[in-house]
>>> print(open('protein-v7.csv').read())   # CSV, C-alpha atoms
chain,number,residue,atom,x,y,z
Q,275,MET,CA,-22.7,-3.1,40.3
Q,276,SER,CA,-20.5,-3.4,37.2
Q,277,THR,CA,-17.7,-5.9,37.0
Q,278,TYR,CA,-14.3,-4.5,36.1
Q,279,LYS,CA,-12.8,-6.1,33.0
Q,280,PRO,CA,-9.0,-5.9,32.6
Q,281,GLN,CA,-7.3,-5.4,29.2
Q,282,ILE,CA,-6.7,-8.3,26.9
Q,283,ARG,CA,-3.3,-9.0,25.5
Q,284,VAL,CA,-2.5,-10.1,22.0
Q,285,LYS,CA,0.8,-11.2,20.6
Q,286,ALA,CA,2.0,-8.7,17.9
Q,287,THR,CA,5.0,-7.5,16.0
Q,288,TYR,CA,5.5,-3.9,14.9
Q,289,MET,CA,7.4,-3.7,11.6
Q,290,ARG,CA,8.6,-1.3,9.0
Q,291,GLY,CA,8.2,-2.5,5.5
Q,292,GLY,CA,9.5,-0.1,2.8
Q,293,THR,CA,8.2,3.4,3.6
Q,294,SER,CA,5.3,2.1,5.8
Q,295,LYS,CA,4.9,0.7,9.3
Q,296,GLY,CA,2.2,-1.6,10.7
Q,297,THR,CA,1.2,-3.9,13.5
Q,298,PHE,CA,1.5,-7.6,12.4
Q,299,PHE,CA,-0.5,-10.5,13.8
Q,300,ASN,CA,-0.3,-14.2,13.3
Q,301,ILE,CA,-3.9,-15.0,12.7
Q,302,ALA,CA,-3.6,-18.0,15.2
Q,303,ASP,CA,-2.7,-15.5,18.0
Q,304,LEU,CA,-5.9,-13.5,17.7
Q,305,PRO,CA,-8.6,-14.1,20.3
Q,306,LYS,CA,-10.9,-16.8,19.1
Q,307,GLU,CA,-13.9,-14.5,18.8
Q,308,ALA,CA,-11.9,-12.1,16.6
Q,309,GLN,CA,-11.0,-15.0,14.4
Q,310,GLU,CA,-14.6,-16.1,14.0
Q,311,ASP,CA,-16.3,-12.7,13.7
Q,312,LYS,CA,-14.9,-10.1,11.3
Q,313,ALA,CA,-16.8,-7.2,12.9
Q,314,LYS,CA,-15.3,-8.0,16.3
Q,315,ARG,CA,-11.9,-8.5,14.6
Q,316,ASP,CA,-12.1,-5.0,13.0
Q,317,LYS,CA,-13.1,-3.4,16.3
Q,318,LEU,CA,-10.1,-5.0,18.1
Q,319,LEU,CA,-7.6,-4.0,15.4
Q,320,GLN,CA,-9.0,-0.5,15.2
Q,321,ARG,CA,-8.6,-0.1,19.0
Q,322,ILE,CA,-5.1,-1.5,18.9
Q,323,VAL,CA,-4.0,1.0,16.2
Q,324,GLY,CA,-5.9,3.8,18.0
Q,325,SER,CA,-8.9,4.5,15.9
Q,326,PRO,CA,-11.3,6.1,15.5
Q,327,ASP,CA,-9.6,9.2,17.0
Q,328,ILE,CA,-11.5,12.5,16.7
Q,329,TYR,CA,-8.2,14.3,17.4
Q,330,LYS,CA,-6.6,12.4,14.4
Q,331,GLN,CA,-3.5,11.6,16.5
Q,332,GLN,CA,-3.9,7.9,17.4
Q,333,MET,CA,-2.4,8.9,20.7
Q,334,ASP,CA,-3.9,5.9,22.4
Q,335,GLY,CA,-2.7,3.2,20.0
Q,336,MET,CA,0.0,1.8,17.8
Q,337,GLY,CA,-0.8,4.0,14.8
Q,338,GLY,CA,1.3,7.1,13.8
Q,339,ALA,CA,-1.6,9.2,12.6
Q,340,THR,CA,-0.7,8.9,8.9
Q,341,SER,CA,-1.9,6.6,6.1
Q,342,SER,CA,1.6,5.1,6.1
Q,343,THR,CA,1.4,4.0,9.7
Q,344,SER,CA,-2.3,3.3,10.4
Q,345,LYS,CA,-2.2,-0.3,9.2
Q,346,ALA,CA,-3.0,-3.8,10.6
Q,347,ILE,CA,-1.6,-6.9,8.9
Q,348,LEU,CA,-2.8,-10.5,9.4
Q,349,VAL,CA,-0.7,-13.5,8.3
Q,350,GLY,CA,-1.4,-17.2,8.6
Q,351,LYS,CA,-0.5,-20.5,7.0
Q,352,SER,CA,-1.8,-20.5,3.5
Q,353,THR,CA,-4.9,-22.3,2.4
Q,354,VAL,CA,-4.0,-21.8,-1.3
Q,355,PRO,CA,-1.9,-24.5,-3.0
Q,356,ASN,CA,1.7,-23.6,-3.8
Q,357,HIS,CA,1.7,-20.7,-1.3
Q,358,ASP,CA,3.3,-20.4,2.1
Q,359,VAL,CA,1.1,-17.8,3.8
Q,360,ASP,CA,-2.1,-15.9,3.4
Q,361,TYR,CA,-1.7,-12.2,3.9
Q,362,TYR,CA,-4.6,-9.8,4.7
Q,363,PHE,CA,-4.0,-6.0,4.8
Q,364,GLY,CA,-6.2,-3.7,6.7
Q,365,GLN,CA,-6.0,0.1,6.2
Q,366,VAL,CA,-7.3,1.7,9.4
Q,367,ALA,CA,-9.1,5.0,9.0
Q,368,ILE,CA,-7.7,7.4,11.5
Q,369,ASP,CA,-10.7,9.5,12.6
Q,370,LYS,CA,-13.5,7.4,11.1
Q,371,ASP,CA,-15.0,4.1,12.3
Q,372,PHE,CA,-14.0,1.7,9.6
Q,373,MET,CA,-11.3,-0.5,8.1
Q,374,ASP,CA,-10.6,-0.9,4.4
Q,375,TRP,CA,-9.7,-4.4,3.3
Q,376,SER,CA,-10.1,-3.7,-0.5
Q,377,GLY,CA,-6.5,-3.4,-1.4
Q,378,ASN,CA,-2.9,-4.2,-0.6
Q,379,CYS,CA,0.1,-2.3,0.8
Q,380,GLY,CA,3.0,-3.0,-1.5
Q,381,ASN,CA,5.5,-1.5,1.0
Q,382,LEU,CA,4.4,-3.8,3.8
Q,383,SER,CA,4.4,-6.8,1.5
Q,384,SER,CA,8.2,-6.7,1.9
Q,385,ALA,CA,7.7,-7.3,5.7
Q,386,VAL,CA,5.3,-10.2,5.3
Q,387,GLY,CA,8.1,-12.6,4.2
Q,388,PRO,CA,10.4,-11.9,7.2
Q,389,PHE,CA,7.4,-12.0,9.6
Q,390,ALA,CA,6.3,-15.3,8.2
Q,391,ILE,CA,9.7,-16.8,8.6
Q,392,HIS,CA,10.0,-15.5,12.2
Q,393,GLU,CA,6.6,-17.0,13.0
Q,394,ARG,CA,7.7,-20.4,11.5
Q,395,LEU,CA,4.9,-20.3,8.9
Q,396,VAL,CA,7.3,-21.1,6.1
Q,397,ASP,CA,8.6,-24.6,5.4
Q,398,ASN,CA,12.1,-25.5,4.1
Q,399,VAL,CA,13.8,-22.2,5.0
Q,400,PRO,CA,17.5,-22.4,4.0
Q,401,GLU,CA,20.1,-21.8,6.7
Q,402,ASN,CA,22.0,-19.5,4.3
Q,403,GLY,CA,21.0,-18.0,1.0
Q,404,VAL,CA,17.7,-16.5,-0.3
Q,405,CYS,CA,14.3,-17.8,0.8
Q,406,CYS,CA,11.5,-17.2,-1.6
Q,407,VAL,CA,8.3,-16.7,0.5
Q,408,ARG,CA,5.2,-17.4,-1.6
Q,409,ILE,CA,2.6,-15.0,-0.4
Q,410,TRP,CA,-1.1,-15.1,-1.3
Q,411,GLN,CA,-2.5,-11.6,-1.0
Q,412,ALA,CA,-6.0,-12.5,0.1
Q,413,ASN,CA,-7.5,-9.1,-0.2
Q,414,ILE,CA,-6.9,-8.9,-4.0
Q,415,LYS,CA,-6.2,-12.6,-4.6
Q,416,LYS,CA,-2.8,-12.2,-6.1
Q,417,THR,CA,0.6,-13.9,-5.7
Q,418,ILE,CA,3.6,-12.0,-4.3
Q,419,LEU,CA,7.1,-13.5,-4.2
Q,420,CYS,CA,9.2,-12.1,-1.4
Q,421,TYR,CA,12.9,-12.9,-1.6
Q,422,VAL,CA,14.4,-12.8,1.9
Q,423,THR,CA,18.2,-13.3,2.7
Q,424,MET,CA,19.0,-15.8,5.4
Q,425,VAL,CA,22.3,-16.0,7.4
Q,426,ASN,CA,22.9,-18.8,9.9
Q,427,GLY,CA,19.2,-19.6,10.0
Q,428,GLN,CA,18.2,-16.0,10.8
Q,429,VAL,CA,16.6,-13.3,8.6
Q,430,LYS,CA,19.3,-10.8,7.5
Q,431,GLU,CA,17.7,-7.5,8.4
Q,432,MET,CA,20.7,-5.2,8.5
Q,433,GLY,CA,22.4,-4.2,5.2
Q,434,ASP,CA,23.6,-1.2,3.2
Q,435,TYR,CA,20.5,-0.8,1.0
Q,436,TYR,CA,18.9,2.6,1.3
Q,437,ILE,CA,15.3,3.6,0.4
Q,438,ASP,CA,14.5,7.2,-0.1
Q,439,GLY,CA,12.0,8.0,2.7
Q,440,VAL,CA,13.7,5.8,5.3
Q,441,ALA,CA,16.6,7.3,7.3
Q,442,PHE,CA,18.6,4.1,7.9
Q,443,PRO,CA,19.8,1.3,5.7
Q,444,ALA,CA,18.8,-2.4,5.8
Q,445,GLU,CA,19.0,-5.6,3.7
Q,446,GLU,CA,17.4,-5.4,0.3
Q,447,ILE,CA,14.3,-7.4,-0.3
Q,448,LEU,CA,13.1,-8.1,-3.9
Q,449,LEU,CA,9.4,-8.3,-4.5
Q,450,GLU,CA,7.8,-9.8,-7.6
Q,451,PHE,CA,4.1,-9.2,-8.1
Q,452,ALA,CA,3.1,-12.2,-10.3
Q,453,GLU,CA,0.3,-11.4,-12.7
Q,454,PRO,CA,-0.7,-8.2,-10.8
Q,455,VAL,CA,-3.6,-8.1,-13.2
Q,456,ASP,CA,-5.3,-11.5,-13.9
Q,457,PRO,CA,-5.4,-12.1,-17.7
Q,458,SER,CA,-9.2,-12.4,-17.4
Q,459,GLU,CA,-9.4,-8.9,-15.9
Q,460,GLU,CA,-9.2,-5.6,-17.6
Q,461,LEU,CA,-5.9,-3.7,-17.1
Q,462,PHE,CA,-7.7,-0.6,-18.2
Q,463,PRO,CA,-11.3,-0.9,-16.9
Q,464,THR,CA,-12.7,1.7,-19.4
Q,465,GLY,CA,-10.9,0.0,-22.3
Q,466,ASN,CA,-8.8,3.2,-23.0
Q,467,LEU,CA,-5.2,4.1,-22.3
Q,468,VAL,CA,-6.4,7.7,-21.7
Q,469,ASP,CA,-9.9,8.9,-20.9
Q,470,ASP,CA,-11.6,12.3,-20.5
Q,471,LEU,CA,-12.6,12.3,-16.9
Q,472,GLU,CA,-15.4,14.8,-16.3
Q,473,VAL,CA,-15.8,16.0,-12.7
Q,474,PRO,CA,-18.8,18.3,-12.3
Q,475,GLY,CA,-17.9,21.7,-10.8
Q,476,ILE,CA,-14.1,21.1,-11.3
Q,477,GLY,CA,-13.4,20.3,-14.9
Q,478,THR,CA,-12.6,17.6,-17.4
Q,479,PHE,CA,-9.2,16.0,-17.3
Q,480,LYS,CA,-7.1,13.5,-19.3
Q,481,ALA,CA,-6.7,10.4,-17.1
Q,482,THR,CA,-5.1,7.0,-17.3
Q,483,MET,CA,-7.0,4.6,-15.1
Q,484,ILE,CA,-5.3,1.3,-14.4
Q,485,THR,CA,-5.8,-1.7,-12.1
Q,486,ALA,CA,-2.2,-3.0,-11.8
Q,487,GLY,CA,-0.9,-3.3,-8.2
Q,488,ILE,CA,-3.8,-1.2,-7.0
Q,489,PRO,CA,-6.5,0.7,-8.9
Q,490,THR,CA,-5.0,4.0,-9.7
Q,491,ILE,CA,-6.0,7.2,-11.5
Q,492,PHE,CA,-3.2,9.2,-13.1
Q,493,LEU,CA,-3.6,12.8,-14.1
Q,494,ASN,CA,-1.2,15.3,-15.7
Q,495,ALA,CA,0.2,17.6,-13.0
Q,496,ALA,CA,-0.1,20.7,-15.3
Q,497,ASP,CA,-3.8,20.0,-15.9
Q,498,ILE,CA,-4.6,20.4,-12.2
Q,499,GLY,CA,-2.3,23.3,-11.5
Q,500,TYR,CA,0.8,21.6,-10.2
Q,501,LYS,CA,4.4,21.1,-11.3
Q,502,GLY,CA,4.8,17.5,-10.2
Q,503,THR,CA,7.6,18.4,-7.8
Q,504,GLU,CA,5.4,19.1,-4.8
Q,505,LEU,CA,6.1,18.0,-1.3
Q,506,GLN,CA,3.5,17.2,1.4
Q,507,SER,CA,3.6,20.7,2.8
Q,508,ASP,CA,2.5,22.1,-0.5
Q,509,ILE,CA,-0.7,20.1,-0.6
Q,510,ASN,CA,-1.7,18.6,2.7
Q,511,SER,CA,-2.3,21.9,4.4
Q,512,ASP,CA,-4.6,23.0,1.6
Q,513,ALA,CA,-8.1,21.7,2.5
Q,514,GLU,CA,-9.7,22.9,-0.8
Q,515,ALA,CA,-7.1,21.1,-2.8
Q,516,LEU,CA,-7.6,17.9,-0.9
Q,517,ALA,CA,-11.3,18.2,-1.3
Q,518,ARG,CA,-10.8,18.6,-5.1
Q,519,PHE,CA,-8.6,15.5,-5.2
Q,520,GLU,CA,-11.2,13.5,-3.3
Q,521,LYS,CA,-13.9,14.5,-5.7
Q,522,ILE,CA,-11.8,13.7,-8.7
Q,523,ARG,CA,-10.9,10.3,-7.1
Q,524,SER,CA,-14.6,9.6,-6.4
Q,525,TYR,CA,-15.7,10.3,-10.0
Q,526,GLY,CA,-12.7,8.2,-11.2
Q,527,ALA,CA,-13.8,5.3,-9.0
Q,528,LEU,CA,-17.2,5.5,-10.6
Q,529,LYS,CA,-15.9,5.6,-14.1
Q,530,MET,CA,-13.6,2.6,-13.3
Q,531,GLY,CA,-16.6,0.6,-12.1
Q,532,LEU,CA,-15.2,0.2,-8.6
Q,533,ILE,CA,-18.3,1.8,-7.1
Q,534,SER,CA,-21.8,2.1,-8.3
Q,535,ASP,CA,-22.7,5.3,-6.4
Q,536,LEU,CA,-20.6,8.3,-5.4
Q,537,SER,CA,-21.5,7.8,-1.8
Q,538,GLU,CA,-19.6,4.5,-1.7
Q,539,ALA,CA,-16.3,6.4,-2.2
Q,540,GLU,CA,-16.4,7.6,1.4
Q,541,THR,CA,-16.1,4.1,2.8
Q,542,ARG,CA,-13.6,3.0,0.1
Q,543,GLN,CA,-10.8,5.4,0.7
Q,544,HIS,CA,-7.9,3.0,0.2
Q,545,THR,CA,-8.8,2.4,-3.4
Q,546,PRO,CA,-8.5,3.8,-6.0
Q,547,LYS,CA,-5.4,5.9,-5.5
Q,548,ILE,CA,-5.1,9.2,-7.3
Q,549,ALA,CA,-1.7,10.4,-8.6
Q,550,PHE,CA,-0.3,13.1,-10.9
Q,551,VAL,CA,2.7,12.9,-13.3
Q,552,ALA,CA,5.0,15.4,-14.9
Q,553,PRO,CA,8.1,15.3,-17.2
Q,554,LYS,CA,11.5,15.1,-15.4
Q,555,SER,CA,13.1,18.2,-14.0
Q,556,ASP,CA,15.5,19.1,-11.1
Q,557,PHE,CA,13.8,19.0,-7.7
Q,558,THR,CA,14.5,19.1,-4.0
Q,559,THR,CA,13.3,16.3,-1.8
Q,560,SER,CA,11.7,16.6,1.6
Q,561,SER,CA,15.1,15.9,3.2
Q,562,GLY,CA,16.7,18.8,1.3
Q,563,LYS,CA,18.5,16.5,-1.2
Q,564,GLU,CA,19.0,17.9,-4.7
Q,565,VAL,CA,17.9,15.5,-7.5
Q,566,LYS,CA,18.9,16.3,-11.1
Q,567,ALA,CA,16.6,15.7,-14.0
Q,568,SER,CA,19.2,13.4,-15.5
Q,569,GLU,CA,18.7,11.0,-12.6
Q,570,ILE,CA,15.0,10.3,-13.2
Q,571,ASP,CA,12.6,9.6,-16.1
Q,572,LEU,CA,9.5,11.4,-14.7
Q,573,HIS,CA,7.9,12.8,-11.5
Q,574,VAL,CA,5.0,11.1,-9.8
Q,575,ARG,CA,3.1,12.3,-6.7
Q,576,ALA,CA,0.3,10.2,-5.2
Q,577,LEU,CA,-2.3,10.6,-2.5
Q,578,SER,CA,-3.2,7.9,0.1
Q,579,MET,CA,-6.2,8.2,2.4
Q,580,GLN,CA,-6.8,11.8,1.2
Q,581,LYS,CA,-3.3,13.0,1.9
Q,582,LEU,CA,-0.2,13.4,-0.3
Q,583,HIS,CA,2.1,10.4,0.5
Q,584,HIS,CA,5.5,11.3,1.9
Q,585,ALA,CA,7.2,8.9,-0.6
Q,586,MET,CA,5.3,6.4,-2.8
Q,587,MET,CA,2.9,3.6,-1.9
Q,588,GLY,CA,4.3,0.2,-3.0
Q,589,THR,CA,1.1,-0.8,-4.8
Q,590,ALA,CA,1.0,2.5,-6.6
Q,591,SER,CA,4.6,1.9,-7.6
Q,592,VAL,CA,3.5,-1.3,-9.3
Q,593,ALA,CA,0.8,0.7,-11.2
Q,594,ILE,CA,3.5,3.3,-12.2
Q,595,GLY,CA,5.8,0.6,-13.5
Q,596,VAL,CA,3.1,-1.1,-15.5
Q,597,ALA,CA,1.7,2.1,-16.9
Q,598,ALA,CA,5.1,3.5,-17.8
Q,599,CYS,CA,5.9,0.4,-19.9
Q,600,ILE,CA,2.7,0.7,-22.0
Q,601,GLU,CA,3.1,3.2,-24.8
Q,602,GLY,CA,0.5,6.0,-24.8
Q,603,THR,CA,-0.5,6.2,-21.1
Q,604,LEU,CA,0.0,9.5,-19.3
Q,605,VAL,CA,2.7,7.9,-17.3
Q,606,ASN,CA,4.6,6.6,-20.4
Q,607,LEU,CA,4.2,10.0,-22.1
Q,608,ALA,CA,5.5,11.9,-19.0
Q,609,ALA,CA,8.5,9.6,-19.1
Q,610,GLY,CA,9.2,10.6,-22.7
Q,611,GLY,CA,7.1,7.9,-24.5
Q,612,GLY,CA,8.3,4.9,-26.4
Q,613,GLU,CA,9.0,1.3,-25.4
Q,614,LYS,CA,10.2,0.8,-21.8
Q,615,THR,CA,10.9,-2.1,-19.4
Q,616,ALA,CA,11.6,0.1,-16.3
Q,617,VAL,CA,11.6,3.7,-15.1
Q,618,GLU,CA,13.1,5.7,-12.3
Q,619,PHE,CA,10.6,8.2,-10.9
Q,620,GLY,CA,10.9,11.1,-8.5
Q,621,HIS,CA,8.7,11.3,-5.4
Q,622,PRO,CA,8.7,13.6,-2.4
Q,623,SER,CA,11.4,11.7,-0.6
Q,624,GLY,CA,13.6,10.9,-3.5
Q,625,THR,CA,13.5,8.3,-6.3
Q,626,LEU,CA,12.4,4.7,-7.0
Q,627,LYS,CA,13.0,2.3,-9.8
Q,628,VAL,CA,10.2,0.0,-10.9
Q,629,GLY,CA,9.8,-2.3,-13.8
Q,630,ALA,CA,7.3,-4.7,-15.5
Q,631,VAL,CA,7.3,-7.5,-18.0
Q,632,ILE,CA,4.3,-7.0,-20.3
Q,633,LYS,CA,3.2,-8.7,-23.5
Q,634,LYS,CA,0.3,-8.2,-25.9
Q,635,GLU,CA,-1.9,-11.1,-26.9
Q,636,ASN,CA,-4.9,-10.7,-29.2
Q,637,GLY,CA,-4.8,-7.0,-28.7
Q,638,LYS,CA,-4.8,-7.3,-24.9
Q,639,TYR,CA,-2.0,-6.3,-22.5
Q,640,ILE,CA,-0.9,-9.2,-20.3
Q,641,VAL,CA,1.3,-8.3,-17.3
Q,642,ASP,CA,3.6,-11.2,-16.4
Q,643,LYS,CA,5.1,-9.5,-13.4
Q,644,ALA,CA,6.1,-6.2,-11.8
Q,645,THR,CA,9.2,-5.9,-9.7
Q,646,MET,CA,10.4,-3.6,-6.9
Q,647,SER,CA,13.0,-3.6,-4.2
Q,648,ARG,CA,12.2,-2.7,-0.6
Q,649,SER,CA,13.6,-3.5,2.8
Q,650,ALA,CA,12.0,-4.4,6.2
Q,651,ARG,CA,12.8,-4.6,9.9
Q,652,ILE,CA,11.2,-5.7,13.1
Q,653,ILE,CA,10.9,-2.8,15.4
Q,654,MET,CA,9.1,-4.4,18.3
Q,655,LYS,CA,7.9,-7.9,19.2
Q,656,GLY,CA,5.7,-8.7,22.2
Q,657,GLU,CA,2.1,-8.0,23.3
Q,658,VAL,CA,-0.3,-5.2,22.6
Q,659,TYR,CA,-3.2,-4.4,25.0
Q,660,ALA,CA,-6.8,-3.4,24.3
Q,661,PRO,CA,-9.8,-2.9,26.5
Q,662,ALA,CA,-11.5,-6.3,27.1
Q,663,ASP,CA,-14.9,-5.0,26.2
Q,664,ILE,CA,-13.9,-3.6,22.8
Q,665,MET,CA,-15.4,-6.7,21.0
Q,666,GLU,CA,-18.8,-6.4,22.8
Q,667,LEU,CA,-20.6,-5.0,19.8
Q,668,LYS,CA,-23.5,-2.7,20.5
Q,669,ASN,CA,-26.6,-2.3,18.3
>>> encode(input="protein-v7.csv", output="structure tokens")
Amino acid sequence: MSTYKPQIRVKATYMRGGTSKGTFFNIADLPKEAQEDKAKRDKLLQRIVGSPDIYKQQMDGMGGATSSTSKAILVGKSTVPNHDVDYYFGQVAIDKDFMDWSGNCGNLSSAVGPFAIHERLVDNVPENGVCCVRIWQANIKKTILCYVTMVNGQVKEMGDYYIDGVAFPAEEILLEFAEPVDPSEELFPTGNLVDDLEVPGIGTFKATMITAGIPTIFLNAADIGYKGTELQSDINSDAEALARFEKIRSYGALKMGLISDLSEAETRQHTPKIAFVAPKSDFTTSSGKEVKASEIDLHVRALSMQKLHHAMMGTASVAIGVAACIEGTLVNLAAGGGEKTAVEFGHPSGTLKVGAVIKKENGKYIVDKATMSRSARIIMKGEVYAPADIMELKN
């Protein structure tokens, strides 16, 4: 006779950060076995988010059945000197049985600071003013500075700062990605600003492949049959187009040295990203807003987890900012070429301004920092439930 096992409860906070949402956990609040066993941790987080779901709806979990909402975030007191918290980002596959811990979510990075303050993981928080939360992004081993406004000892969440892709305003949060590419690493893994990327059965394309923020492959929209003003409905309903993008992404990952065999791309869907750029032009956003060419420098559209993103991923925005500020990349050329310190680009939901501080030493590009403004808000705080036997791994 089997013994009934009730559900387990885990403290959690559901937050929006930028144009993404995710379920946040203080690492200390996870069940002990999930803290000690990564496989059990992943099973627990997948089940909480609602994956794997053969129906691709995540109806039985916290996820929203999109790459922007199928996310789990772990935050704990930092083990790295001169940092407040360690931050682990998990991209949860919707219909497949895996989690990708290979990259970061730049949008949700803006929520890590407020979450850490709420969880009392940050020392010396001012009663009033701006608190700089020093975040160690443990997935990619990078520092992120998150500037959070405090009022009377509380995080100021409400404000008048709008982000295209988010319906309501909130308080602005400035993010600084310090040395998004370590000086010892290659900003351009192939050594070239522009490569010829050969994809058997599809074609050869000009591509800029860069590692800033998140490994990203940039193509010219015109080379792949697009204008650069596309919305989700123009691409995400086209199965053949999505398959082409995935094949190009896979060959790009191989050329960047991120994988050693094409088969590895299937279980590394979060990185690299694939994006396409085009010169500025008038366009209509997903909300129906008209944006004039004079308001932007270029168009960028990007895919995340094999779907066109409804706005722009934060980490890809870092890649855009850095690439735009280096003369000769496809992103820089689409923005008109020449020296730049920042660009405003158009995406499906509107526009976004990004910038970077870059210098060149001994013929090598050094990125001091990349900047971006976002906002964040707590949506729910309490407990999430999962079946008690979810961590009983079966051979």
>>> atom_distance(input="protein-v7.csv", atom1="CA of Asn356 in chain Q", atom2="CA of Thr417 in chain Q")
9.9 Å
>>> closest_atom_pairs(input="protein-v7.csv", of="range 431-473 of chain Q", to="range 547-565 of chain Q", cutoff="12 Å", atoms="only C-alpha atoms", output="tab-separated table")
residue	atom	partner	partner_atom	distance
Q:Asp438	CA	Q:Ser561	CA	9.3
Q:Gly439	CA	Q:Ser561	CA	8.5
Q:Val440	CA	Q:Ser561	CA	10.4
Q:Ala441	CA	Q:Ser561	CA	9.6
>>> closest_residue(input="protein-v7.csv", among="Q:Ala367, Q:Ile664, Q:Ala650, Q:Val284", to="Thr541 in chain Q", atoms="all atoms listed in the file")
Q:Ala367
>>> atom_distance(input="protein-v7.csv", atom1="CA of Ala517 in chain Q", atom2="CA of Phe462 in chain Q")
25.5 Å
>>> closest_residue(input="protein-v7.csv", among="Q:Ala346, Q:Leu626, Q:Ala539, Q:Leu505", to="Glu569 in chain Q", atoms="only C-alpha atoms")
Q:Leu626
>>> closest_residue(input="protein-v7.csv", among="Q:Lys581, Q:Arg394, Q:Lys317, Q:Lys279", to="Ser507 in chain Q", atoms="only C-alpha atoms")
Q:Lys581
>>> atom_distance(input="protein-v7.csv", atom1="CA of Thr482 in chain Q", atom2="CA of Ser537 in chain Q")
22.6 Å
>>> decode(input="protein-v7.csv", residues="range 360-365 of chain Q", atoms="all heavy atoms", output="compact mmCIF listing (two decimals), in the first residue's frame")
# COMPACT_ATOMS: atom_id res chain seq x y z
N ASP Q 360 25.26 36.47 -4.66
CA ASP Q 360 25.49 35.62 -5.82
C ASP Q 360 24.14 35.38 -6.49
O ASP Q 360 23.13 35.11 -5.80
CB ASP Q 360 26.10 34.28 -5.40
CG ASP Q 360 27.52 34.41 -4.87
OD1 ASP Q 360 28.16 35.43 -5.16
OD2 ASP Q 360 27.96 33.49 -4.16
N TYR Q 361 24.12 35.46 -7.80
CA TYR Q 361 22.87 35.36 -8.56
C TYR Q 361 23.02 34.29 -9.63
O TYR Q 361 23.91 34.35 -10.46
CB TYR Q 361 22.55 36.74 -9.15
CG TYR Q 361 21.76 36.81 -10.43
CD1 TYR Q 361 20.60 36.06 -10.63
CD2 TYR Q 361 22.15 37.69 -11.45
CE1 TYR Q 361 19.88 36.16 -11.80
CE2 TYR Q 361 21.43 37.81 -12.63
CZ TYR Q 361 20.30 37.03 -12.79
OH TYR Q 361 19.57 37.13 -13.97
N TYR Q 362 22.13 33.28 -9.57
CA TYR Q 362 22.12 32.20 -10.55
C TYR Q 362 20.83 32.31 -11.37
O TYR Q 362 19.74 32.38 -10.80
CB TYR Q 362 22.16 30.84 -9.87
CG TYR Q 362 23.39 30.57 -9.04
CD1 TYR Q 362 23.49 31.06 -7.74
CD2 TYR Q 362 24.46 29.83 -9.55
CE1 TYR Q 362 24.62 30.83 -6.97
CE2 TYR Q 362 25.60 29.59 -8.79
CZ TYR Q 362 25.66 30.09 -7.49
OH TYR Q 362 26.77 29.85 -6.73
N PHE Q 363 20.97 32.28 -12.68
CA PHE Q 363 19.80 32.37 -13.55
C PHE Q 363 19.57 31.06 -14.28
O PHE Q 363 20.48 30.55 -14.94
CB PHE Q 363 19.96 33.50 -14.57
CG PHE Q 363 18.94 33.45 -15.67
CD1 PHE Q 363 17.61 33.72 -15.40
CD2 PHE Q 363 19.29 33.06 -16.95
CE1 PHE Q 363 16.65 33.63 -16.40
CE2 PHE Q 363 18.34 32.97 -17.96
CZ PHE Q 363 17.02 33.26 -17.68
N GLY Q 364 18.36 30.53 -14.17
CA GLY Q 364 18.01 29.29 -14.86
C GLY Q 364 16.90 29.53 -15.87
O GLY Q 364 15.80 29.94 -15.50
N GLN Q 365 17.20 29.29 -17.15
CA GLN Q 365 16.18 29.34 -18.20
C GLN Q 365 15.54 27.97 -18.28
O GLN Q 365 16.22 26.98 -18.53
CB GLN Q 365 16.79 29.71 -19.55
CG GLN Q 365 15.78 29.84 -20.67
CD GLN Q 365 14.94 31.11 -20.58
OE1 GLN Q 365 15.46 32.20 -20.43
NE2 GLN Q 365 13.63 30.94 -20.67
